[in-house]
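What follows is input_11.txt (compact mmCIF, C-alpha atoms (C1' of nucleotides)).
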# COMPACT_ATOMS: atom_id res chain seq x y z
CA MET A 1 5.64 -110.82 -35.70
CA TYR A 2 7.43 -112.77 -32.98
CA GLU A 3 10.63 -110.75 -33.16
CA PRO A 4 9.63 -108.10 -30.61
CA LEU A 5 8.82 -110.84 -28.13
CA PHE A 6 12.11 -112.65 -28.72
CA ASP A 7 13.98 -109.39 -28.23
CA TYR A 8 12.03 -108.70 -25.10
CA ILE A 9 12.83 -112.10 -23.62
CA SER A 10 16.53 -111.78 -24.37
CA ARG A 11 16.65 -108.33 -22.88
CA TYR A 12 14.85 -109.27 -19.68
CA SER A 13 16.40 -112.68 -19.10
CA GLY A 14 19.91 -111.76 -20.15
CA GLN A 15 19.94 -115.01 -22.10
CA THR A 16 19.65 -115.83 -25.78
CA LEU A 17 16.95 -118.01 -27.24
CA THR A 18 17.91 -121.07 -29.25
CA GLU A 19 16.21 -121.88 -32.55
CA LYS A 20 14.44 -124.65 -30.73
CA ASP A 21 13.19 -122.27 -28.01
CA GLN A 22 11.83 -119.97 -30.68
CA GLU A 23 9.98 -122.87 -32.26
CA ILE A 24 8.39 -123.78 -28.96
CA ILE A 25 7.24 -120.21 -28.46
CA ARG A 26 5.82 -119.99 -31.97
CA GLY A 27 3.96 -123.20 -31.27
CA ALA A 28 2.59 -122.03 -27.94
CA MET A 29 1.49 -118.50 -28.76
CA GLU A 30 -1.00 -117.38 -31.37
CA PRO A 31 -1.22 -113.96 -33.04
CA LYS A 32 -4.42 -112.01 -32.53
CA LYS A 33 -5.67 -108.62 -33.69
CA LEU A 34 -8.03 -106.43 -31.73
CA ARG A 35 -9.68 -103.32 -33.07
CA LYS A 36 -10.00 -100.21 -30.96
CA LYS A 37 -12.60 -100.66 -28.20
CA GLN A 38 -12.63 -104.43 -28.45
CA TYR A 39 -12.31 -106.28 -25.18
CA PHE A 40 -9.46 -108.61 -24.34
CA LEU A 41 -11.18 -109.44 -21.05
CA GLU A 42 -14.53 -108.58 -19.49
CA GLU A 43 -15.63 -108.53 -15.86
CA GLY A 44 -17.08 -111.87 -14.80
CA LYS A 45 -15.23 -113.80 -17.49
CA VAL A 46 -12.13 -115.92 -17.08
CA CYS A 47 -8.85 -114.57 -18.39
CA LYS A 48 -7.82 -117.36 -20.73
CA TYR A 49 -4.69 -115.75 -22.12
CA THR A 50 -1.68 -113.71 -21.22
CA GLY A 51 -1.06 -111.29 -24.06
CA PHE A 52 2.13 -109.69 -25.27
CA ILE A 53 1.49 -106.42 -27.09
CA VAL A 54 3.38 -106.27 -30.36
CA LYS A 55 1.70 -103.08 -31.50
CA GLY A 56 -1.01 -100.92 -30.02
CA ALA A 57 -2.25 -99.75 -26.65
CA MET A 58 -4.57 -101.22 -24.02
CA ARG A 59 -6.11 -100.32 -20.72
CA GLN A 60 -7.22 -102.33 -17.68
CA PHE A 61 -9.93 -100.97 -15.42
CA SER A 62 -12.50 -101.84 -12.78
CA VAL A 63 -16.04 -100.45 -12.64
CA ASP A 64 -17.48 -99.47 -9.26
CA ASP A 65 -21.09 -99.48 -8.04
CA ASN A 66 -21.72 -96.04 -9.51
CA GLY A 67 -20.54 -97.22 -12.90
CA THR A 68 -17.35 -95.18 -12.66
CA GLU A 69 -14.25 -96.67 -14.27
CA HIS A 70 -10.96 -96.82 -12.36
CA ILE A 71 -7.90 -97.41 -14.48
CA LEU A 72 -5.37 -99.82 -13.02
CA GLN A 73 -3.02 -100.14 -15.93
CA LEU A 74 -2.22 -98.39 -19.20
CA THR A 75 -0.02 -100.43 -21.50
CA ILE A 76 1.63 -100.17 -24.90
CA GLU A 77 4.01 -102.19 -27.07
CA ASN A 78 6.35 -104.59 -25.31
CA TRP A 79 4.18 -104.95 -22.25
CA TRP A 80 2.25 -107.96 -21.11
CA VAL A 81 -1.48 -107.75 -20.41
CA VAL A 82 -3.27 -110.17 -18.14
CA ASP A 83 -5.35 -110.37 -15.02
CA ARG A 84 -2.90 -112.60 -13.21
CA GLN A 85 -5.33 -113.76 -10.58
CA SER A 86 -7.96 -114.79 -13.08
CA PHE A 87 -5.39 -116.29 -15.45
CA MET A 88 -3.52 -118.35 -12.89
CA ASN A 89 -6.55 -119.75 -11.12
CA GLN A 90 -8.95 -119.61 -14.04
CA THR A 91 -11.50 -117.76 -11.92
CA PRO A 92 -13.84 -114.94 -13.00
CA SER A 93 -12.17 -111.55 -13.27
CA ARG A 94 -13.17 -108.27 -11.65
CA TYR A 95 -11.59 -106.28 -14.45
CA PHE A 96 -11.98 -105.19 -18.01
CA ILE A 97 -9.07 -105.09 -20.42
CA GLU A 98 -9.75 -103.19 -23.62
CA ALA A 99 -7.82 -102.25 -26.75
CA TRP A 100 -7.45 -98.50 -26.87
CA GLU A 101 -5.83 -98.51 -30.30
CA ASP A 102 -5.94 -101.16 -32.99
CA THR A 103 -3.68 -103.73 -31.39
CA GLU A 104 -1.65 -106.78 -32.36
CA LEU A 105 -1.09 -109.35 -29.66
CA LEU A 106 0.58 -112.68 -29.11
CA LEU A 107 -1.60 -114.86 -26.94
CA LEU A 108 -0.34 -117.43 -24.48
CA PRO A 109 -3.19 -119.79 -23.48
CA ARG A 110 -3.17 -120.90 -19.85
CA PRO A 111 -2.46 -124.58 -20.65
CA GLN A 112 0.70 -123.54 -22.50
CA LEU A 113 2.15 -121.70 -19.53
CA ASP A 114 4.10 -124.68 -18.22
CA THR A 115 5.47 -125.45 -21.67
CA ILE A 116 6.84 -121.96 -21.90
CA LEU A 117 8.21 -121.81 -18.38
CA ALA A 118 10.33 -124.87 -19.09
CA ILE A 119 12.51 -122.66 -21.29
CA PRO A 120 15.21 -121.23 -19.00
CA ALA A 121 15.30 -117.82 -20.65
CA ILE A 122 11.53 -117.47 -20.29
CA ASN A 123 11.62 -118.62 -16.72
CA ALA A 124 14.28 -116.04 -15.94
CA MET A 125 12.29 -113.38 -17.76
CA PHE A 126 9.17 -114.09 -15.72
CA TRP A 127 11.16 -113.79 -12.51
CA GLN A 128 12.56 -110.49 -13.66
CA MET A 129 9.13 -109.29 -14.75
CA SER A 130 7.62 -110.23 -11.46
CA GLU A 131 10.44 -108.30 -9.87
CA ASN A 132 9.95 -105.17 -11.97
CA ASN A 133 6.25 -105.37 -11.54
CA HIS A 134 6.56 -105.47 -7.82
CA ILE A 135 8.91 -102.52 -7.78
CA ALA A 136 6.67 -100.47 -10.04
CA SER A 137 3.59 -101.24 -7.92
CA GLN A 138 5.41 -100.29 -4.78
CA LYS A 139 6.56 -97.01 -6.29
CA ARG A 140 3.09 -96.22 -7.55
CA LEU A 141 1.60 -96.99 -4.18
CA ASP A 142 4.20 -94.90 -2.40
CA ASP A 143 3.41 -91.99 -4.71
CA THR A 144 -0.31 -92.43 -4.25
CA ILE A 145 -0.25 -92.32 -0.47
CA SER A 146 2.55 -89.76 -0.17
CA LEU A 147 1.96 -87.12 -2.83
CA ASN A 148 -0.76 -84.67 -3.84
CA ALA A 149 -2.31 -84.54 -7.28
CA VAL A 150 0.27 -82.14 -8.73
CA SER A 151 3.30 -84.22 -7.80
CA ARG A 152 1.66 -87.48 -8.77
CA PHE A 153 0.99 -86.08 -12.22
CA GLU A 154 4.50 -84.70 -12.60
CA ASN A 155 5.99 -88.04 -11.62
CA PHE A 156 3.75 -89.81 -14.08
CA GLN A 157 4.70 -87.46 -16.89
CA LYS A 158 8.37 -87.99 -16.20
CA GLN A 159 8.09 -91.75 -15.88
CA TYR A 160 5.73 -92.53 -18.74
CA PRO A 161 5.96 -89.78 -21.38
CA GLU A 162 5.03 -92.28 -24.09
CA ILE A 163 1.80 -93.25 -22.36
CA MET A 164 0.95 -89.60 -21.76
CA GLN A 165 0.85 -89.05 -25.49
CA ARG A 166 -1.27 -92.01 -26.40
CA PHE A 167 -4.11 -91.90 -23.91
CA PRO A 168 -6.63 -89.08 -23.33
CA LEU A 169 -6.18 -87.02 -20.21
CA HIS A 170 -9.31 -88.24 -18.47
CA GLN A 171 -7.85 -91.72 -18.50
CA ILE A 172 -4.59 -90.50 -17.04
CA ALA A 173 -6.64 -88.76 -14.35
CA SER A 174 -8.42 -91.99 -13.52
CA TYR A 175 -5.10 -93.82 -13.39
CA LEU A 176 -3.82 -91.23 -10.93
CA GLY A 177 -6.98 -91.41 -8.86
CA ILE A 178 -8.08 -87.82 -9.43
CA ALA A 179 -11.04 -86.16 -11.17
CA ARG A 180 -10.52 -85.18 -14.80
CA GLU A 181 -11.34 -81.55 -13.94
CA THR A 182 -8.61 -81.51 -11.31
CA LEU A 183 -6.08 -82.80 -13.82
CA SER A 184 -7.22 -80.17 -16.27
CA ARG A 185 -6.63 -77.41 -13.71
CA ILE A 186 -3.26 -78.82 -12.67
CA ARG A 187 -2.08 -78.59 -16.25
CA ARG A 188 -3.23 -75.03 -16.68
CA PRO A 189 -0.24 -72.89 -17.64
CA GLY A 190 0.89 -70.67 -14.77
CA ALA A 191 -0.63 -72.93 -12.15
CA HIS A 192 1.19 -73.68 -8.86
CA MET B 1 12.20 -122.19 15.51
CA TYR B 2 12.13 -123.35 11.89
CA GLU B 3 8.79 -125.10 12.15
CA PRO B 4 6.62 -122.10 11.27
CA LEU B 5 8.67 -121.61 8.13
CA PHE B 6 8.42 -125.25 7.12
CA ASP B 7 4.68 -125.13 7.65
CA TYR B 8 4.46 -121.95 5.63
CA ILE B 9 6.38 -123.45 2.73
CA SER B 10 4.25 -126.59 2.67
CA ARG B 11 1.07 -124.57 2.78
CA TYR B 12 2.06 -122.21 -0.01
CA SER B 13 3.77 -124.67 -2.29
CA GLY B 14 1.33 -127.52 -1.79
CA GLN B 15 4.39 -129.76 -1.46
CA THR B 16 6.06 -131.43 1.50
CA LEU B 17 9.67 -130.83 2.45
CA THR B 18 12.03 -133.77 2.71
CA GLU B 19 14.41 -134.11 5.65
CA LYS B 20 17.17 -133.14 3.28
CA ASP B 21 15.32 -129.99 2.20
CA GLN B 22 14.88 -129.02 5.81
CA GLU B 23 18.59 -129.47 6.42
CA ILE B 24 19.42 -127.20 3.50
CA ILE B 25 17.10 -124.53 4.83
CA ARG B 26 18.54 -124.77 8.32
CA GLY B 27 21.96 -124.38 6.81
CA ALA B 28 21.01 -121.40 4.68
CA MET B 29 19.00 -119.32 7.13
CA GLU B 30 20.12 -117.95 10.47
CA PRO B 31 17.90 -116.99 13.43
CA LYS B 32 18.01 -113.38 14.56
CA LYS B 33 16.29 -111.40 17.29
CA LEU B 34 15.39 -107.75 17.04
CA ARG B 35 14.16 -105.63 19.92
CA LYS B 36 11.36 -103.16 19.44
CA LYS B 37 12.50 -100.11 17.42
CA GLN B 38 15.59 -101.84 16.06
CA TYR B 39 16.12 -101.54 12.33
CA PHE B 40 16.19 -104.46 9.95
CA LEU B 41 17.03 -102.07 7.11
CA GLU B 42 17.83 -98.36 6.88
CA GLU B 43 17.56 -95.95 3.99
CA GLY B 44 20.79 -95.79 2.00
CA LYS B 45 21.92 -99.23 3.10
CA VAL B 46 21.78 -102.45 1.12
CA CYS B 47 19.17 -105.04 2.09
CA LYS B 48 21.39 -108.06 2.72
CA TYR B 49 18.69 -110.43 3.88
CA THR B 50 15.18 -111.56 3.29
CA GLY B 51 13.56 -112.19 6.65
CA PHE B 52 10.80 -114.56 7.65
CA ILE B 53 8.98 -113.39 10.77
CA VAL B 54 8.59 -116.22 13.27
CA LYS B 55 7.26 -113.97 16.01
CA GLY B 56 6.69 -110.24 16.26
CA ALA B 57 5.65 -107.32 14.06
CA MET B 58 7.48 -105.02 11.67
CA ARG B 59 6.85 -102.01 9.50
CA GLN B 60 8.35 -100.73 6.26
CA PHE B 61 8.26 -97.02 5.48
CA SER B 62 9.77 -94.26 3.41
CA VAL B 63 10.60 -90.77 4.68
CA ASP B 64 9.84 -87.79 2.47
CA ASP B 65 11.58 -84.41 2.23
CA ASN B 66 9.53 -83.03 5.10
CA GLY B 67 10.60 -85.89 7.30
CA THR B 68 7.15 -87.45 7.20
CA GLU B 69 6.98 -91.24 7.28
CA HIS B 70 4.83 -93.13 4.80
CA ILE B 71 4.07 -96.71 5.69
CA LEU B 72 4.22 -99.17 2.82
CA GLN B 73 3.83 -102.40 4.69
CA LEU B 74 2.78 -103.64 8.12
CA THR B 75 3.72 -107.25 8.76
CA ILE B 76 3.40 -109.87 11.47
CA GLU B 77 4.19 -113.56 11.96
CA ASN B 78 4.39 -115.73 8.87
CA TRP B 79 5.17 -112.88 6.53
CA TRP B 80 8.38 -112.15 4.70
CA VAL B 81 10.11 -108.81 5.05
CA VAL B 82 12.50 -107.49 2.43
CA ASP B 83 13.09 -104.58 0.09
CA ARG B 84 13.08 -106.74 -2.98
CA GLN B 85 14.72 -104.21 -5.23
CA SER B 86 17.60 -103.61 -2.86
CA PHE B 87 17.93 -107.30 -2.02
CA MET B 88 17.91 -108.60 -5.57
CA ASN B 89 20.30 -106.06 -7.02
CA GLN B 90 22.23 -105.30 -3.83
CA THR B 91 21.68 -101.58 -4.32
CA PRO B 92 20.98 -98.96 -1.63
CA SER B 93 17.41 -98.93 -0.36
CA ARG B 94 14.99 -96.03 -0.15
CA TYR B 95 13.17 -97.60 2.77
CA PHE B 96 13.37 -98.32 6.44
CA ILE B 97 12.24 -101.60 7.93
CA GLU B 98 11.85 -101.58 11.70
CA ALA B 99 10.77 -104.03 14.38
CA TRP B 100 7.60 -102.74 15.99
CA GLU B 101 7.54 -105.46 18.62
CA ASP B 102 10.35 -107.66 19.87
CA THR B 103 10.75 -109.91 16.87
CA GLU B 104 12.27 -113.25 15.96
CA LEU B 105 13.36 -113.68 12.37
CA LEU B 106 14.95 -116.23 10.12
CA LEU B 107 17.39 -114.51 7.79
CA LEU B 108 18.15 -115.60 4.25
CA PRO B 109 21.39 -113.95 3.03
CA ARG B 110 21.39 -112.92 -0.62
CA PRO B 111 24.13 -115.42 -1.64
CA GLN B 112 21.98 -118.27 -0.30
CA LEU B 113 18.99 -117.38 -2.46
CA ASP B 114 19.96 -119.67 -5.32
CA THR B 115 20.64 -122.57 -2.94
CA ILE B 116 17.16 -122.22 -1.58
CA LEU B 117 15.45 -121.78 -4.91
CA ALA B 118 16.86 -125.08 -6.07
CA ILE B 119 14.42 -126.80 -3.72
CA PRO B 120 11.24 -127.38 -5.73
CA ALA B 121 8.87 -126.66 -2.87
CA ILE B 122 10.60 -123.37 -2.16
CA ASN B 123 10.60 -122.43 -5.79
CA ALA B 124 6.87 -123.11 -5.99
CA MET B 125 6.30 -121.13 -2.82
CA PHE B 126 8.11 -118.10 -4.20
CA TRP B 127 6.00 -118.19 -7.33
CA GLN B 128 2.87 -118.37 -5.25
CA MET B 129 4.07 -115.57 -3.00
CA SER B 130 4.89 -113.39 -5.94
CA GLU B 131 1.39 -114.12 -7.18
CA ASN B 132 -0.32 -113.26 -3.91
CA ASN B 133 1.81 -110.22 -3.51
CA HIS B 134 0.83 -108.95 -6.89
CA ILE B 135 -2.83 -109.52 -6.24
CA ALA B 136 -2.70 -107.79 -2.86
CA SER B 137 -0.86 -104.79 -4.33
CA GLN B 138 -3.36 -104.50 -7.11
CA LYS B 139 -6.24 -104.62 -4.67
CA ARG B 140 -4.66 -102.04 -2.42
CA LEU B 141 -4.00 -99.79 -5.36
CA ASP B 142 -7.53 -100.20 -6.65
CA ASP B 143 -8.87 -99.27 -3.22
CA THR B 144 -6.53 -96.32 -2.94
CA ILE B 145 -7.54 -94.72 -6.23
CA SER B 146 -11.22 -95.72 -6.06
CA LEU B 147 -12.37 -95.22 -2.49
CA ASN B 148 -12.59 -92.42 0.05
CA ALA B 149 -10.99 -92.55 3.49
CA VAL B 150 -14.00 -94.16 5.18
CA SER B 151 -14.28 -97.10 2.79
CA ARG B 152 -10.53 -97.62 2.67
CA PHE B 153 -10.46 -97.91 6.42
CA GLU B 154 -13.43 -100.26 6.54
CA ASN B 155 -11.84 -102.50 3.94
CA PHE B 156 -8.60 -102.51 5.86
CA GLN B 157 -10.33 -103.42 9.10
CA LYS B 158 -12.11 -106.28 7.42
CA GLN B 159 -9.04 -107.57 5.61
CA TYR B 160 -6.43 -107.22 8.37
CA PRO B 161 -8.13 -107.32 11.78
CA GLU B 162 -4.98 -108.79 13.31
CA ILE B 163 -2.81 -105.92 12.13
CA MET B 164 -5.40 -103.39 13.34
CA GLN B 165 -4.88 -104.64 16.88
CA ARG B 166 -1.11 -104.62 16.91
CA PHE B 167 -0.21 -101.26 15.43
CA PRO B 168 -1.19 -97.79 16.67
CA LEU B 169 -3.80 -95.92 14.71
CA HIS B 170 -1.48 -93.26 13.39
CA GLN B 171 0.46 -95.96 11.60
CA ILE B 172 -2.69 -97.40 10.11
CA ALA B 173 -3.55 -93.88 8.96
CA SER B 174 -0.19 -93.53 7.25
CA TYR B 175 -0.62 -96.93 5.61
CA LEU B 176 -3.98 -95.78 4.26
CA GLY B 177 -2.55 -92.48 3.09
CA ILE B 178 -4.67 -90.25 5.35
CA ALA B 179 -3.92 -87.91 8.27
CA ARG B 180 -4.13 -89.42 11.74
CA GLU B 181 -6.76 -86.83 12.70
CA THR B 182 -8.93 -87.87 9.79
CA LEU B 183 -8.75 -91.50 10.85
CA SER B 184 -9.63 -90.49 14.38
CA ARG B 185 -12.76 -88.69 13.15
CA ILE B 186 -13.74 -91.55 10.87
CA ARG B 187 -13.71 -93.91 13.80
CA ARG B 188 -15.81 -91.61 15.95
CA PRO B 189 -18.98 -93.49 16.96
CA GLY B 190 -21.99 -92.23 15.08
CA ALA B 191 -19.93 -90.81 12.23
CA HIS B 192 -21.04 -91.14 8.59
C1' DA C 1 6.52 -91.22 42.77
C1' DA C 2 7.56 -88.18 39.42
C1' DT C 3 8.50 -87.28 34.74
C1' DT C 4 8.69 -88.01 30.07
C1' DT C 5 7.09 -89.90 25.89
C1' DG C 6 3.73 -91.76 22.81
C1' DC C 7 -1.01 -92.28 21.42
C1' DT C 8 -5.58 -90.60 20.64
C1' DG C 9 -9.30 -87.29 20.29
C1' DT C 10 -11.29 -82.78 19.13
C1' DG C 11 -12.19 -77.93 17.74
C1' DA C 12 -11.19 -74.20 14.43
C1' DC C 13 -9.67 -73.22 10.25
C1' DT C 14 -7.45 -73.80 5.53
C1' DT C 15 -6.44 -76.26 1.51
C1' DT C 16 -7.31 -79.60 -1.71
C1' DT C 17 -10.19 -82.08 -4.47
C1' DA C 18 -14.79 -83.49 -6.22
C1' DT C 19 -19.08 -82.43 -8.37
C1' DC C 20 -22.19 -80.15 -11.44
C1' DA C 21 -23.09 -77.46 -15.37
C1' DC C 22 -21.87 -75.56 -19.58
C1' DG C 23 -19.48 -74.68 -23.95
C1' DA C 24 -15.93 -75.07 -27.49
C1' DA C 25 -12.96 -77.78 -30.42
C1' DC C 26 -12.10 -81.90 -32.70
C1' DC C 27 -12.91 -86.37 -35.04
C1' DG C 28 -14.99 -90.09 -37.43
C1' DA C 29 -18.81 -91.87 -39.97
C1' DT C 30 -22.72 -91.38 -42.61
C1' DA D 1 -21.19 -81.07 -45.03
C1' DT D 2 -23.37 -82.53 -41.02
C1' DC D 3 -24.24 -85.07 -37.00
C1' DG D 4 -23.09 -87.47 -32.72
C1' DG D 5 -19.73 -88.64 -29.74
C1' DT D 6 -15.41 -87.64 -27.35
C1' DT D 7 -12.21 -84.72 -25.31
C1' DC D 8 -10.81 -80.77 -22.79
C1' DG D 9 -11.32 -76.58 -20.28
C1' DT D 10 -13.50 -73.56 -16.79
C1' DG D 11 -16.57 -71.30 -13.35
C1' DA D 12 -19.36 -71.93 -9.13
C1' DT D 13 -20.12 -74.53 -5.33
C1' DA D 14 -19.80 -78.47 -2.08
C1' DA D 15 -17.45 -82.04 0.19
C1' DA D 16 -13.38 -84.22 1.83
C1' DA D 17 -9.24 -84.11 3.89
C1' DG D 18 -5.23 -81.67 5.83
C1' DT D 19 -3.10 -78.64 9.29
C1' DC D 20 -2.43 -76.49 13.65
C1' DA D 21 -3.13 -76.20 18.43
C1' DC D 22 -4.30 -78.10 22.60
C1' DA D 23 -5.54 -81.64 26.08
C1' DG D 24 -6.13 -86.07 28.42
C1' DC D 25 -4.46 -90.41 29.30
C1' DA D 26 -1.61 -94.50 29.50
C1' DA D 27 2.74 -96.67 29.31
C1' DA D 28 7.43 -96.47 29.88
C1' DT D 29 11.56 -94.51 32.13
C1' DT D 30 14.12 -92.48 35.69
Translate the structure of the given file into structure tokens.
Amino acid sequence: MYEPLFDYISRYSGQTLTEKDQEIIRGAMEPKKLRKKQYFLEEGKVCKYTGFIVKGAMRQFSVDDNGTEHILQLTIENWWVVDRQSFMNQTPSRYFIEAWEDTELLLLPRPQLDTILAIPAINAMFWQMSENNHIASQKRLDDTISLNAVSRFENFQKQYPEIMQRFPLHQIASYLGIARETLSRIRRPGAH
Amino acid sequence: MYEPLFDYISRYSGQTLTEKDQEIIRGAMEPKKLRKKQYFLEEGKVCKYTGFIVKGAMRQFSVDDNGTEHILQLTIENWWVVDRQSFMNQTPSRYFIEAWEDTELLLLPRPQLDTILAIPAINAMFWQMSENNHIASQKRLDDTISLNAVSRFENFQKQYPEIMQRFPLHQIASYLGIARETLSRIRRPGAH
DNA sequence: AATTTGCTGTGACTTTTATCACGAACCGAT
DNA sequence: ATCGGTTCGTGATAAAAGTCACAGCAAATT
């Protein structure tokens, strides 16, 4: 159960975990299963955990005044899920995070964060994650303000083929900030 | 010269800097002046420094195949400027960073990063910055995929009134991902 | 003072994207 | 096997935004 996480940490920190480190992690994080459509976080509630996805798929979205969902993040195995703002400050969230497939998580409760960060490999991993996160956001933003719907979709397909296959197209459309009908037409064979 | 930075660090870390800390920072970071239109970073070059803006205004942008600029960041005093990806890995950048007003910076060379991070207050500040950064990106992204041009502009005005006043409208338009003509019409009195 | 350059606005028109309405295929649960 | 919900596609139409062309003005440069 914890193996994927240990692998992930080693890969991202470039450091190996000692037996002792592994024990600390096991002690700090609890396994949790979510069935499809169950919420990990709901709007207005505080995000008590950061979750590492061992198996499954999840989505994070906001809901606007018209009740329309806007997808901010689509995630699968070996990704972290959390509303960082809500988690760090323990303030109410503006987002929903929902299991899109039956999902197995490892939960890190907020009070355990400092315990975990004391481990050098974990600390290094979080820096690296923060780094990657920033780069990915910047790229996504650049795409969003620079490209039209067709190119945005092509880039997405190229960058996240795995996610393409595991989420329905209308969710991809929402992630890209376009109407589902537009995405449907973009994909039409022989188009553009 | 260094005072604004020291204030910034205290404010963001919630910690005070010792005399010794201040000495280390003075030793690690060098002052630099840029005249309007001078580059801090050019596409294809490596970002050797992270800069703290003491006075002035700068912009970060990419240039697409048509030669069109797309503005990713508009920054003024008490902000950091850097292409994190290029800086951290010392790889060529895809972006330009340019002084938009005559600007005074404090430069942190890449090799000095570890020196600086050893100071607890600085370390805490970087965590907090990374946090804020993430939150701001997420908000901007949410706006970009959720809202139309009018609302995006109104949000921008409300959130960054200072920046509104110091950059020309066509740059704001680019930042928002809309044509300058569209922004001009949006602003027209009596519109919408 | 004259000239150039950059910034902003506006009209006419085109392109892109959203919205609404409908139907077909598929899937899971009773 | 059937029913209800979800997903996906598509046509018709509307709305939003982009593009092109031109003009006025202000600031900077010579």
Find the spatial neighbours of D:DG18, counting all atoms listed in the file, within a cut-off of 9 Å - ignore same-chain residues fewer than 2 positions away - and output them as a CSV table (one decimal) with C-alpha atoms (C1' of nucleotides), in the coordinates of the input.
chain,number,residue,atom,x,y,z
B,178,ILE,CA,-4.7,-90.2,5.4
B,179,ALA,CA,-3.9,-87.9,8.3
B,181,GLU,CA,-6.8,-86.8,12.7
B,182,THR,CA,-8.9,-87.9,9.8
C,14,DT,C1',-7.4,-73.8,5.5
C,15,DT,C1',-6.4,-76.3,1.5
C,16,DT,C1',-7.3,-79.6,-1.7
Calculate how many Å separate atom CA of B:Phe61 from atom CA of B:Leu74, rounding to one decimal.
->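 Pair atom CA of B:Phe61 / atom CA of B:Leu74 returns 9.0 Å.
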How many Å lie between atom CA of A:Gly51 and atom CA of A:His134, rounded to one decimal?
-> 18.9 Å
If you measure from atom C1' of D:DA23 to atom CA of B:Asn148, what distance in Å do you get, rounded to one decimal?
->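 Going from atom C1' of D:DA23 over to atom CA of B:Asn148 covers 29.0 Å.
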Could you list, with a cut-off of 7 Å and counting all atoms listed in the file, the residues of chain A near chain B, each shown with its nearest atom pair and the distance in Å rounded to one decimal, rows sorted by chain and ascending number, as JSON lines?
{"residue": "A:His70", "atom": "CA", "partner": "B:Ser146", "partner_atom": "CA", "distance": 6.4}
{"residue": "A:Leu72", "atom": "CA", "partner": "B:Asp142", "partner_atom": "CA", "distance": 6.7}
{"residue": "A:Gln85", "atom": "CA", "partner": "B:Ile135", "partner_atom": "CA", "distance": 6.6}
{"residue": "A:Ser130", "atom": "CA", "partner": "B:Ser130", "partner_atom": "CA", "distance": 6.9}
{"residue": "A:His134", "atom": "CA", "partner": "B:His134", "partner_atom": "CA", "distance": 6.8}
{"residue": "A:Ile135", "atom": "CA", "partner": "B:Gln85", "partner_atom": "CA", "distance": 6.6}
{"residue": "A:Ser137", "atom": "CA", "partner": "B:Ser137", "partner_atom": "CA", "distance": 6.7}
{"residue": "A:Leu141", "atom": "CA", "partner": "B:Leu141", "partner_atom": "CA", "distance": 6.4}
{"residue": "A:Asp142", "atom": "CA", "partner": "B:Leu72", "partner_atom": "CA", "distance": 6.7}
{"residue": "A:Ile145", "atom": "CA", "partner": "B:Gly177", "partner_atom": "CA", "distance": 4.2}
{"residue": "A:Ser146", "atom": "CA", "partner": "B:His70", "partner_atom": "CA", "distance": 6.4}
{"residue": "A:Leu176", "atom": "CA", "partner": "B:Ile145", "partner_atom": "CA", "distance": 6.9}
{"residue": "A:Gly177", "atom": "CA", "partner": "B:Ile145", "partner_atom": "CA", "distance": 4.3}
Identify every residue of chain C that has at least one atom within 10 Å of any atom of chain A, counting only C-alpha atoms (C1' of nucleotides), and report the result as JSON, numbers by chain.
-> {"C": [16, 17, 18, 19]}
Starting from 3 Å padding per side, set up an axis-aligned box that covers all listed atoms of stretch 124-135 of chain B and hand over centre and edge lengths in Å, one decimal, as JSON.
{"center_x": 2.6, "center_y": -116.0, "center_z": -5.1, "size_x": 16.9, "size_y": 20.2, "size_z": 10.5}
Select all residues from chain A having any atom no more than 12 Å from an atom of chain D (counting all atoms listed in the file, ignoring ligands), output as a list in words.
-> Asn148, Phe167, Pro168, Leu169, His170, Gln171, Arg180, Glu181, Thr182, Leu183, Ser184, Arg185, Ile186, Arg187, Arg188 and Pro189 of chain A
Determine, counting only C-alpha atoms (C1' of nucleotides), every residue of protein, DNA or RNA that lies within 6 Å of (4.2, -108.3, -22.6) in the file coordinates, then give the result as an MDAnalysis selection string.
-> chainID A and resid 52:53 78:80
Proximity to B:Leu34 - best of B:Leu5, B:Ile97, B:Ala121, B:Val46, only C-alpha atoms =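 Between B:Leu5, B:Ile97, B:Ala121, B:Val46, the residue approaching B:Leu34 most closely is B:Ile97.
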